[in-house]
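This is final_29.pdb (PDB, C-alpha atoms).
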```
MODEL        1
ATOM      1  CA  MET A   1     -15.325  18.896 -14.622  1.00  0.00           C
ATOM      2  CA  GLU A   2     -15.851  18.730 -10.868  1.00  0.00           C
ATOM      3  CA  GLN A   3     -18.631  21.026  -9.717  1.00  0.00           C
ATOM      4  CA  LYS A   4     -18.125  22.799  -6.383  1.00  0.00           C
ATOM      5  CA  LEU A   5     -20.857  23.025  -3.796  1.00  0.00           C
ATOM      6  CA  ASN A   6     -21.032  26.041  -1.493  1.00  0.00           C
ATOM      7  CA  ILE A   7     -21.875  24.977   2.044  1.00  0.00           C
ATOM      8  CA  LYS A   8     -21.842  26.743   5.382  1.00  0.00           C
ATOM      9  CA  LEU A   9     -20.367  24.933   8.362  1.00  0.00           C
ATOM     10  CA  THR A  10     -20.745  26.136  11.927  1.00  0.00           C
ATOM     11  CA  ILE A  11     -17.781  25.402  14.177  1.00  0.00           C
ATOM     12  CA  ALA A  12     -17.948  26.457  17.832  1.00  0.00           C
ATOM     13  CA  GLY A  13     -20.756  28.873  17.039  1.00  0.00           C
ATOM     14  CA  LYS A  14     -19.074  30.580  14.086  1.00  0.00           C
ATOM     15  CA  SER A  15     -20.146  30.062  10.477  1.00  0.00           C
ATOM     16  CA  TYR A  16     -17.680  29.312   7.726  1.00  0.00           C
ATOM     17  CA  PRO A  17     -18.727  29.291   4.054  1.00  0.00           C
ATOM     18  CA  LEU A  18     -16.759  26.713   2.083  1.00  0.00           C
ATOM     19  CA  PRO A  19     -16.683  25.623  -1.556  1.00  0.00           C
ATOM     20  CA  ILE A  20     -16.206  21.848  -1.550  1.00  0.00           C
ATOM     21  CA  ASP A  21     -16.438  18.932  -3.945  1.00  0.00           C
ATOM     22  CA  ARG A  22     -20.065  17.823  -4.045  1.00  0.00           C
ATOM     23  CA  GLU A  23     -19.280  14.183  -3.180  1.00  0.00           C
ATOM     24  CA  LYS A  24     -17.463  15.240   0.012  1.00  0.00           C
ATOM     25  CA  GLU A  25     -20.379  17.063   1.627  1.00  0.00           C
ATOM     26  CA  ALA A  26     -21.246  14.192   3.977  1.00  0.00           C
ATOM     27  CA  ILE A  27     -17.625  14.011   5.127  1.00  0.00           C
ATOM     28  CA  TYR A  28     -17.555  17.724   5.918  1.00  0.00           C
ATOM     29  CA  ARG A  29     -20.903  17.551   7.736  1.00  0.00           C
ATOM     30  CA  ARG A  30     -19.728  14.625   9.833  1.00  0.00           C
ATOM     31  CA  ALA A  31     -16.449  16.396  10.631  1.00  0.00           C
ATOM     32  CA  GLU A  32     -18.424  19.482  11.659  1.00  0.00           C
ATOM     33  CA  LYS A  33     -20.430  17.390  14.130  1.00  0.00           C
ATOM     34  CA  GLU A  34     -17.306  15.708  15.494  1.00  0.00           C
ATOM     35  CA  VAL A  35     -15.487  19.000  16.039  1.00  0.00           C
ATOM     36  CA  ASN A  36     -18.512  20.575  17.718  1.00  0.00           C
ATOM     37  CA  ALA A  37     -18.957  17.533  19.973  1.00  0.00           C
ATOM     38  CA  LEU A  38     -15.332  17.754  21.108  1.00  0.00           C
ATOM     39  CA  VAL A  39     -15.560  21.518  21.683  1.00  0.00           C
ATOM     40  CA  SER A  40     -18.716  20.953  23.723  1.00  0.00           C
ATOM     41  CA  MET A  41     -17.020  18.230  25.767  1.00  0.00           C
ATOM     42  CA  TYR A  42     -14.069  20.496  26.547  1.00  0.00           C
ATOM     43  CA  LYS A  43     -16.429  23.354  27.473  1.00  0.00           C
ATOM     44  CA  THR A  44     -18.281  21.044  29.855  1.00  0.00           C
ATOM     45  CA  ASN A  45     -15.149  19.691  31.523  1.00  0.00           C
ATOM     46  CA  TYR A  46     -12.818  22.710  31.571  1.00  0.00           C
ATOM     47  CA  ARG A  47     -12.980  26.438  32.160  1.00  0.00           C
ATOM     48  CA  ALA A  48     -10.931  28.183  29.506  1.00  0.00           C
ATOM     49  CA  GLU A  49     -11.009  30.711  26.690  1.00  0.00           C
ATOM     50  CA  PRO A  50     -12.923  29.781  23.522  1.00  0.00           C
ATOM     51  CA  GLU A  51      -9.709  29.465  21.496  1.00  0.00           C
ATOM     52  CA  ASP A  52      -8.398  26.987  24.082  1.00  0.00           C
ATOM     53  CA  TYR A  53     -11.359  24.686  23.391  1.00  0.00           C
ATOM     54  CA  LEU A  54     -10.551  24.833  19.691  1.00  0.00           C
ATOM     55  CA  ALA A  55      -6.850  24.201  20.366  1.00  0.00           C
ATOM     56  CA  MET A  56      -7.621  21.148  22.497  1.00  0.00           C
ATOM     57  CA  THR A  57     -10.039  19.888  19.845  1.00  0.00           C
ATOM     58  CA  ALA A  58      -7.380  20.316  17.157  1.00  0.00           C
ATOM     59  CA  LEU A  59      -4.849  18.492  19.333  1.00  0.00           C
ATOM     60  CA  SER A  60      -7.275  15.641  20.014  1.00  0.00           C
ATOM     61  CA  LEU A  61      -8.043  15.198  16.310  1.00  0.00           C
ATOM     62  CA  ALA A  62      -4.339  15.390  15.402  1.00  0.00           C
ATOM     63  CA  VAL A  63      -3.485  12.713  17.982  1.00  0.00           C
ATOM     64  CA  ASN A  64      -6.203  10.470  16.526  1.00  0.00           C
ATOM     65  CA  ASN A  65      -4.791  11.055  13.040  1.00  0.00           C
ATOM     66  CA  VAL A  66      -1.235  10.184  14.128  1.00  0.00           C
ATOM     67  CA  GLU A  67      -2.458   7.042  15.923  1.00  0.00           C
ATOM     68  CA  MET A  68      -4.254   5.913  12.745  1.00  0.00           C
ATOM     69  CA  GLU A  69      -1.150   6.578  10.626  1.00  0.00           C
ATOM     70  CA  LEU A  70       1.022   4.613  13.045  1.00  0.00           C
ATOM     71  CA  SER A  71      -1.398   1.682  13.173  1.00  0.00           C
ATOM     72  CA  ARG A  72      -1.500   1.578   9.357  1.00  0.00           C
ATOM     73  CA  SER A  73       2.291   1.661   9.249  1.00  0.00           C
ATOM     74  CA  LEU A  74       2.468  -1.108  11.839  1.00  0.00           C
ATOM     75  CA  GLY A  75       0.017  -3.158   9.771  1.00  0.00           C
ATOM     76  CA  GLU A  76       2.234  -2.762   6.711  1.00  0.00           C
ATOM     77  CA  ASP A  77       5.277  -3.814   8.755  1.00  0.00           C
ATOM     78  CA  ILE A  78       3.448  -6.913   9.994  1.00  0.00           C
ATOM     79  CA  ASP A  79       2.486  -7.792   6.415  1.00  0.00           C
ATOM     80  CA  LYS A  80       6.151  -7.521   5.385  1.00  0.00           C
ATOM     81  CA  LEU A  81       7.231  -9.719   8.300  1.00  0.00           C
ATOM     82  CA  VAL A  82       4.643 -12.354   7.367  1.00  0.00           C
ATOM     83  CA  GLU A  83       5.960 -12.348   3.803  1.00  0.00           C
ATOM     84  CA  ILE A  84       9.569 -12.714   5.041  1.00  0.00           C
ATOM     85  CA  ASP A  85       8.468 -15.567   7.304  1.00  0.00           C
ATOM     86  CA  LYS A  86       6.907 -17.355   4.327  1.00  0.00           C
ATOM     87  CA  GLU A  87      10.070 -16.885   2.279  1.00  0.00           C
ATOM     88  CA  LEU A  88      12.209 -18.238   5.126  1.00  0.00           C
ATOM     89  CA  ASP A  89       9.929 -21.266   5.483  1.00  0.00           C
ATOM     90  CA  GLN A  90      10.224 -21.942   1.746  1.00  0.00           C
ATOM     91  CA  TYR A  91      13.996 -21.554   1.847  1.00  0.00           C
ATOM     92  CA  ILE A  92      14.397 -23.845   4.864  1.00  0.00           C
ATOM     93  CA  ASN A  93      12.081 -26.485   3.404  1.00  0.00           C
ATOM     94  CA  ASN A  94      13.927 -26.440   0.069  1.00  0.00           C
ATOM     95  CA  GLU A  95      17.318 -26.805   1.791  1.00  0.00           C
ATOM     96  CA  LEU A  96      16.254 -29.922   3.720  1.00  0.00           C
TER
ENDMDL
END
```
Kindly transcribe the structure held in the file into structure tokens.
Amino acid sequence: MEQKLNIKLTIAGKSYPLPIDREKEAIYRRAEKEVNALVSMYKTNYRAEPEDYLAMTALSLAVNNVEMELSRSLGEDIDKLVEIDKELDQYINNEL
């Protein structure tokens, strides 16, 4: 049975207690640092309300996520095209 670990993450100066899977602690800690770095960058470059910094951080991370999904999808499409190309080569060579 998976044992939960109770950790406390601080995002934009506010603490959030979370029960997480023990093996994912490093992922959560790294995500915490990434979010705080983006919030800090937005605070440095823009004058806005605190929730606006969090909104821009969320948007930035979502855009990165979508870009990764699209690049993975494109990679799968390229793999399929390579396979079709191989099949066409085999077909053409067998017909000659």
**Request:** Could you list the residues chosen by the PyMOL selection byres ((chain A and resi 32-35) around 10) in this structure as a ChimeraX atom specification?
**Result:** /A:9-12,26-31,36-41,54,57-58,60-61
(Q) For the PyMOL selection byres ((chain A and resi 22) around 10), applied here, can you spell out every residue it catches as number ranges by chain? (A) A: 2-7, 19-21, 23-26
Notebook entry, point to check: Just how far from atom CA of A:Leu59 is atom CA of A:Ser71, in Å to one decimal?
Noted result: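 Calculated distance between atom CA of A:Ser71 and atom CA of A:Leu59 is 18.2 Å.
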Could you work out how far atom CA of A:Thr44 lies from atom CA of A:Met56, giving the answer in Å with one decimal?
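Separation between atom CA of A:Met56 and atom CA of A:Thr44: 13.0 Å.
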So what do you get for atom CA of A:Lys86 versus atom CA of A:Ser73, distance-wise?
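Going from atom CA of A:Lys86 over to atom CA of A:Ser73 covers 20.2 Å.
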The centre and edge lengths of an axis-aligned box containing all atoms of stretch 37-44 of chain A present in the file, extended by 3 Å on each side, are to be given in Å to one decimal, as JSON.
```
{"center_x": -16.5, "center_y": 20.4, "center_z": 24.9, "size_x": 10.9, "size_y": 11.8, "size_z": 15.9}
```
